[in-house]
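Have a look at upload.tsv below; it lists TSV, C-alpha atoms.
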chain	number	residue	atom	x	y	z
A	740	MET	CA	0.00	0.00	0.00
A	741	PRO	CA	1.54	3.37	-1.06
A	742	ALA	CA	2.27	6.00	1.62
A	743	ARG	CA	-0.08	8.93	1.74
A	744	LEU	CA	1.29	12.51	1.82
A	745	PRO	CA	0.05	14.74	4.65
A	746	SER	CA	-2.21	17.67	3.67
A	747	TRP	CA	0.40	20.28	4.69
A	748	ALA	CA	2.77	18.84	2.08
A	749	TRP	CA	0.14	19.24	-0.64
A	750	VAL	CA	-0.64	22.84	0.42
A	751	THR	CA	3.07	23.71	0.54
A	752	GLY	CA	3.69	22.19	-2.89
A	753	LEU	CA	0.71	23.92	-4.50
A	754	THR	CA	1.63	27.29	-2.92
A	755	ALA	CA	5.24	27.02	-4.12
A	756	GLY	CA	4.02	26.12	-7.62
A	757	ALA	CA	1.66	29.12	-7.67
A	758	VAL	CA	4.42	31.50	-6.56
A	759	VAL	CA	6.70	30.20	-9.33
A	760	ALA	CA	3.92	30.57	-11.93
A	761	VAL	CA	3.11	34.15	-10.84
A	762	ALA	CA	6.80	35.09	-10.89
A	763	ALA	CA	7.20	33.63	-14.39
A	764	LEU	CA	4.14	35.59	-15.62
A	765	ALA	CA	5.47	38.81	-14.03
A	766	VAL	CA	8.83	38.42	-15.77
A	767	GLN	CA	7.08	37.69	-19.07
A	768	ALA	CA	4.78	40.73	-18.68
A	769	ASP	CA	7.69	43.01	-17.77
A	770	SER	CA	9.54	42.12	-20.96
A	771	GLY	CA	6.54	42.74	-23.23
A	772	PRO	CA	5.28	46.01	-24.76
A	773	HIS	CA	4.09	48.71	-22.37
A	774	PRO	CA	1.23	51.18	-22.99
A	775	THR	CA	2.12	54.85	-23.24
A	776	ALA	CA	0.11	57.86	-22.18
A	777	THR	CA	-1.02	60.35	-24.77
A	778	THR	CA	-0.98	64.11	-24.40
A	779	ALA	CA	-4.20	64.65	-26.32
A	780	ALA	CA	-7.00	66.23	-24.36
A	781	ALA	CA	-10.33	67.71	-25.26
A	782	ARG	CA	-10.45	71.45	-25.79
A	783	PRO	CA	-13.25	73.88	-24.93
A	784	THR	CA	-15.20	75.28	-27.86
A	785	ALA	CA	-15.10	78.95	-28.70
A	786	SER	CA	-18.89	79.19	-28.72
A	787	ALA	CA	-20.72	81.10	-26.05
A	788	SER	CA	-22.96	78.16	-25.20
A	789	ALA	CA	-23.61	77.54	-21.53
A	790	SER	CA	-22.54	73.91	-21.85
A	791	ALA	CA	-19.00	74.73	-23.07
A	792	GLU	CA	-18.69	71.22	-24.50
A	793	PRO	CA	-15.15	70.28	-25.53
A	794	SER	CA	-14.30	69.58	-29.16
A	795	PRO	CA	-11.69	67.12	-30.44
A	796	GLU	CA	-8.04	68.14	-30.07
A	797	GLU	CA	-6.03	68.95	-33.17
A	798	SER	CA	-3.70	66.19	-34.40
A	799	ALA	CA	-0.40	67.95	-33.58
A	800	PRO	CA	-0.39	69.83	-30.28
A	801	PRO	CA	0.95	73.39	-30.48
A	802	ALA	CA	4.53	74.11	-29.49
A	803	VAL	CA	5.39	75.78	-26.20
A	804	PRO	CA	5.21	79.57	-26.74
A	805	ASP	CA	8.46	81.42	-27.40
A	806	GLY	CA	9.65	83.51	-24.48
A	807	SER	CA	8.14	81.17	-21.88
A	808	GLY	CA	11.47	80.41	-20.23
A	809	THR	CA	13.53	77.25	-20.00
A	810	GLY	CA	13.69	74.23	-17.76
A	811	ARG	CA	10.96	72.49	-15.78
A	812	ARG	CA	7.86	74.68	-15.68
A	813	ILE	CA	4.15	75.06	-16.31
A	814	VAL	CA	3.31	77.45	-19.15
A	815	TYR	CA	-0.13	79.08	-19.26
A	816	ALA	CA	-1.08	80.99	-22.44
A	817	LEU	CA	-3.94	83.35	-21.65
A	818	GLY	CA	-5.03	83.96	-25.25
A	819	ASP	CA	-4.90	80.29	-26.27
A	820	LYS	CA	-6.48	79.12	-23.00
A	821	ARG	CA	-3.82	76.38	-22.99
A	822	VAL	CA	-1.33	74.90	-20.52
A	823	TRP	CA	1.92	73.02	-21.18
A	824	LEU	CA	3.76	70.85	-18.64
A	825	VAL	CA	7.42	71.17	-19.63
A	826	ASP	CA	10.17	68.98	-18.15
A	827	ALA	CA	13.78	69.95	-17.29
A	828	SER	CA	14.96	69.13	-20.82
A	829	ASP	CA	12.37	71.56	-22.28
A	830	ALA	CA	10.26	68.68	-23.66
A	831	THR	CA	6.48	69.00	-23.46
A	832	ARG	CA	5.10	66.24	-21.25
A	833	ARG	CA	1.46	67.24	-21.71
A	834	THR	CA	-0.56	70.11	-23.15
A	835	PHE	CA	-4.27	70.82	-22.80
A	836	THR	CA	-6.86	73.57	-23.00
A	837	VAL	CA	-8.49	75.16	-19.97
A	838	TRP	CA	-11.46	77.27	-18.93
A	839	PRO	CA	-10.12	80.43	-17.24
A	840	GLY	CA	-11.92	82.32	-14.50
A	841	THR	CA	-12.85	85.99	-14.83
A	842	VAL	CA	-9.62	87.19	-13.20
A	843	SER	CA	-6.25	86.38	-14.83
A	844	PRO	CA	-2.72	87.13	-13.70
A	845	ASP	CA	-0.50	89.46	-15.72
A	846	PRO	CA	2.05	87.78	-17.98
A	847	GLY	CA	5.17	86.91	-16.01
A	848	SER	CA	6.83	84.26	-13.92
A	849	TYR	CA	5.15	82.91	-10.78
A	850	THR	CA	5.79	80.09	-8.33
A	851	ILE	CA	3.33	77.56	-6.94
A	852	GLY	CA	2.90	78.70	-3.36
A	853	SER	CA	0.28	76.32	-2.03
A	854	ARG	CA	-1.77	73.29	-2.96
A	855	THR	CA	-5.11	72.04	-1.66
A	856	GLU	CA	-6.45	68.56	-2.36
A	857	ALA	CA	-10.15	69.50	-2.43
A	858	THR	CA	-12.56	72.31	-1.54
A	859	THR	CA	-15.64	74.11	-2.86
A	860	GLY	CA	-14.87	76.64	-5.59
A	861	SER	CA	-16.19	80.20	-5.56
A	862	ASP	CA	-18.75	79.01	-8.14
A	863	GLY	CA	-20.11	76.45	-5.65
A	864	VAL	CA	-18.62	73.44	-7.50
A	865	GLU	CA	-16.63	70.80	-5.62
A	866	VAL	CA	-13.07	71.04	-6.97
A	867	GLU	CA	-9.86	69.09	-6.43
A	868	ASN	CA	-6.15	69.27	-7.31
A	869	ILE	CA	-6.02	73.00	-6.56
A	870	VAL	CA	-2.61	74.52	-7.31
A	871	TYR	CA	-2.34	78.25	-6.41
A	872	PHE	CA	0.29	80.34	-8.19
A	873	ALA	CA	-0.75	84.01	-8.37
A	874	LEU	CA	-2.82	86.82	-6.89
A	875	ALA	CA	-4.71	89.17	-9.23
A	876	ASP	CA	-7.16	91.90	-8.17
A	877	GLY	CA	-7.08	90.43	-4.65
A	878	ILE	CA	-8.22	87.03	-5.97
A	879	SER	CA	-6.13	83.86	-5.68
A	880	VAL	CA	-5.47	82.33	-9.08
A	881	GLY	CA	-4.93	78.61	-9.41
A	882	PHE	CA	-5.53	75.52	-11.49
A	883	SER	CA	-8.19	72.98	-10.45
A	884	ASN	CA	-10.68	70.49	-11.82
A	885	ALA	CA	-14.27	69.73	-10.88
A	886	VAL	CA	-14.58	66.53	-8.86
A	887	ASP	CA	-17.45	65.40	-11.12
A	888	GLY	CA	-15.47	66.30	-14.27
A	889	SER	CA	-17.89	69.02	-15.39
A	890	SER	CA	-16.94	72.21	-17.18
A	891	PRO	CA	-17.62	75.47	-15.36
A	892	PRO	CA	-20.82	77.36	-16.05
A	893	PRO	CA	-20.49	80.95	-17.31
A	894	ALA	CA	-19.54	83.30	-14.47
A	895	ALA	CA	-22.37	85.20	-12.86
A	896	SER	CA	-22.46	88.86	-13.83
A	897	GLY	CA	-19.72	90.71	-11.96
A	898	ALA	CA	-18.39	87.60	-10.16
A	899	LYS	CA	-14.61	87.50	-9.74
A	900	THR	CA	-13.23	83.99	-10.07
A	901	GLY	CA	-9.56	83.07	-10.25
A	902	GLY	CA	-9.96	79.36	-10.83
A	903	VAL	CA	-8.50	78.04	-14.08
A	904	ARG	CA	-10.59	74.91	-14.57
A	905	LEU	CA	-9.10	71.80	-16.18
A	906	HIS	CA	-10.49	68.51	-17.42
A	907	LYS	CA	-10.24	65.85	-14.69
A	908	ALA	CA	-7.34	63.88	-16.26
A	909	ASP	CA	-5.44	67.12	-16.89
A	910	GLY	CA	-6.04	68.20	-13.29
A	911	ASP	CA	-4.56	64.92	-12.05
A	912	ALA	CA	-1.51	65.37	-14.31
A	913	LEU	CA	-0.96	68.99	-13.27
A	914	TRP	CA	-1.32	68.05	-9.58
A	915	LYS	CA	1.42	65.43	-9.93
A	916	PHE	CA	3.67	67.76	-11.96
A	917	GLY	CA	3.05	71.05	-10.14
A	918	THR	CA	4.65	70.61	-6.76
A	919	LYS	CA	5.16	73.55	-4.40
A	920	GLY	CA	7.88	75.82	-5.80
A	921	THR	CA	7.31	74.85	-9.45
A	922	THR	CA	7.56	77.81	-11.83
A	923	VAL	CA	4.40	78.89	-13.67
A	924	THR	CA	5.07	81.14	-16.66
A	925	VAL	CA	2.06	83.13	-17.87
A	926	VAL	CA	2.20	84.44	-21.44
A	927	LYS	CA	-0.28	86.40	-23.55
So that I can check it, write out the structure of this file as structure tokens.
Amino acid sequence: MPARLPSWAWVTGLTAGAVVAVAALAVQADSGPHPTATTAAARPTASASASAEPSPEESAPPAVPDGSGTGRRIVYALGDKRVWLVDASDATRRTFTVWPGTVSPDPGSYTIGSRTEATTGSDGVEVENIVYFALADGISVGFSNAVDGSSPPPAASGAKTGGVRLHKADGDALWKFGTKGTTVTVVK
């Protein structure tokens, strides 16, 4: 009569086999192709509609504006309503359009002074990834995105808002890139 293996031996053998199989799959996955992130984002339309629905991004994103400095920085073009995240080698890591508030900073160089994970915006919308970089007309100016991903409604008559609203994915990217002390260059 053959000897019977105890149950602990079976469990140990099966566990060891599973660990080896998972390790082999991890090595195989690591050596395969990896997905890459794209820099394309939706852009707000130029229409005056209350919905401000984004339209498809152009095929080749625009270059970082001349005169926006060098090195790692965030570039914000007021006229284009566009932001670029630029790394230390002056390569664009991401570019996207934004919805500016009613108050904008003057062109120049600023520094991110504070960051807030989440709050309620002056327009009553729950916002997150708030990165403050300037003060204009007594209003704090900063980038943020709506928690629910919505675009901002048109500002109420006479309301002063300094929030530069981003799409949710762009807000996440800017939050990761724009640490305290990061330069923000504002151009016309």
Next on the checklist: Rounded to one decimal, what separation in Å do you get between atom CA of A:Lys927 and atom CA of A:Ala802?
Outcome noted: 14.5 Å
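The environment of A:Thr858 within 7 Å, counting all atoms listed in the file and disregarding residues fewer than 6 places along the same chain, consists of Glu865, Val866 and Glu867 of chain A.
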Just give me the residues with any atom within 12 Å of (-6.7, 92.8, -4.6), file coordinates, counting only C-alpha atoms, written as a tab-separated table (two decimals) with C-alpha atoms, in the coordinates of the input.
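Contents of the output file selection_16.tsv:
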chain	number	residue	atom	x	y	z
A	842	VAL	CA	-9.62	87.19	-13.20
A	844	PRO	CA	-2.72	87.13	-13.70
A	873	ALA	CA	-0.75	84.01	-8.37
A	874	LEU	CA	-2.82	86.82	-6.89
A	875	ALA	CA	-4.71	89.17	-9.23
A	876	ASP	CA	-7.16	91.90	-8.17
A	877	GLY	CA	-7.08	90.43	-4.65
A	878	ILE	CA	-8.22	87.03	-5.97
A	879	SER	CA	-6.13	83.86	-5.68
A	880	VAL	CA	-5.47	82.33	-9.08
A	899	LYS	CA	-14.61	87.50	-9.74
A	901	GLY	CA	-9.56	83.07	-10.25
Checklist entry - Please, what distance in Å, to one decimal, runs between atom CA of A:Ile813 and atom CA of A:Gly897? => result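 Computing it gives 28.9 Å between the two atoms.
Atom CA of A:Phe916 lies 28.0 Å from atom CA of A:Pro893.
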Item to check | Distance query A:Ala895 at most 10 Å, only C-alpha atoms, self and fewer than 5 positions along chain excluded, as a list in words | outcome: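 Once the adjacent positions are removed, what remains is Thr841, Asp862 and Thr900 of chain A.
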Next on the checklist: Excluding A:Ala857 and its own-chain neighbours fewer than 2 positions away, which residues fall within 10 Å of it when counting all atoms listed in the file? Please give them as a PyMOL selection string.
Outcome noted: chain A and resi 854-855+859-860+865-869+883-886
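Compared by their closest atoms to A:Phe882, and using only C-alpha atoms, the residues A:Gly902, A:Gly920, A:Gly818, A:Gly840 rank with A:Gly902 nearest.
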Protein, DNA and RNA residues within 10 Å of (0.5, 81.5, -17.0), all atoms listed in the file, as a PDB file with C-alpha atoms, keeping the file's coordinate frame:
ATOM      1  CA  SER A 807       8.140  81.170 -21.880  1.00  0.00           C
ATOM      2  CA  ILE A 813       4.150  75.060 -16.310  1.00  0.00           C
ATOM      3  CA  VAL A 814       3.310  77.450 -19.150  1.00  0.00           C
ATOM      4  CA  TYR A 815      -0.130  79.080 -19.260  1.00  0.00           C
ATOM      5  CA  ALA A 816      -1.080  80.990 -22.440  1.00  0.00           C
ATOM      6  CA  LEU A 817      -3.940  83.350 -21.650  1.00  0.00           C
ATOM      7  CA  LYS A 820      -6.480  79.120 -23.000  1.00  0.00           C
ATOM      8  CA  ARG A 821      -3.820  76.380 -22.990  1.00  0.00           C
ATOM      9  CA  VAL A 822      -1.330  74.900 -20.520  1.00  0.00           C
ATOM     10  CA  TRP A 823       1.920  73.020 -21.180  1.00  0.00           C
ATOM     11  CA  SER A 843      -6.250  86.380 -14.830  1.00  0.00           C
ATOM     12  CA  PRO A 844      -2.720  87.130 -13.700  1.00  0.00           C
ATOM     13  CA  ASP A 845      -0.500  89.460 -15.720  1.00  0.00           C
ATOM     14  CA  PRO A 846       2.050  87.780 -17.980  1.00  0.00           C
ATOM     15  CA  GLY A 847       5.170  86.910 -16.010  1.00  0.00           C
ATOM     16  CA  SER A 848       6.830  84.260 -13.920  1.00  0.00           C
ATOM     17  CA  TYR A 849       5.150  82.910 -10.780  1.00  0.00           C
ATOM     18  CA  PHE A 872       0.290  80.340  -8.190  1.00  0.00           C
ATOM     19  CA  ALA A 873      -0.750  84.010  -8.370  1.00  0.00           C
ATOM     20  CA  VAL A 880      -5.470  82.330  -9.080  1.00  0.00           C
ATOM     21  CA  GLY A 881      -4.930  78.610  -9.410  1.00  0.00           C
ATOM     22  CA  THR A 922       7.560  77.810 -11.830  1.00  0.00           C
ATOM     23  CA  VAL A 923       4.400  78.890 -13.670  1.00  0.00           C
ATOM     24  CA  THR A 924       5.070  81.140 -16.660  1.00  0.00           C
ATOM     25  CA  VAL A 925       2.060  83.130 -17.870  1.00  0.00           C
ATOM     26  CA  VAL A 926       2.200  84.440 -21.440  1.00  0.00           C
ATOM     27  CA  LYS A 927      -0.280  86.400 -23.550  1.00  0.00           C
TER      28      LYS A 927
END
Item to check | Residue nearest A:Trp914 - candidates A:Ser896, A:Thr831, A:Ser861, A:Leu824, atoms counted: all atoms listed in the file | outcome: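 Comparing A:Ser896, A:Thr831, A:Ser861, A:Leu824 against A:Trp914, the winner is A:Leu824.
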Checklist entry - Given the choices A:Val825, A:Phe835, A:Thr921, A:Pro800, which gets closest to A:Lys907 if the distance is worked out from only C-alpha atoms? => result A:Phe835
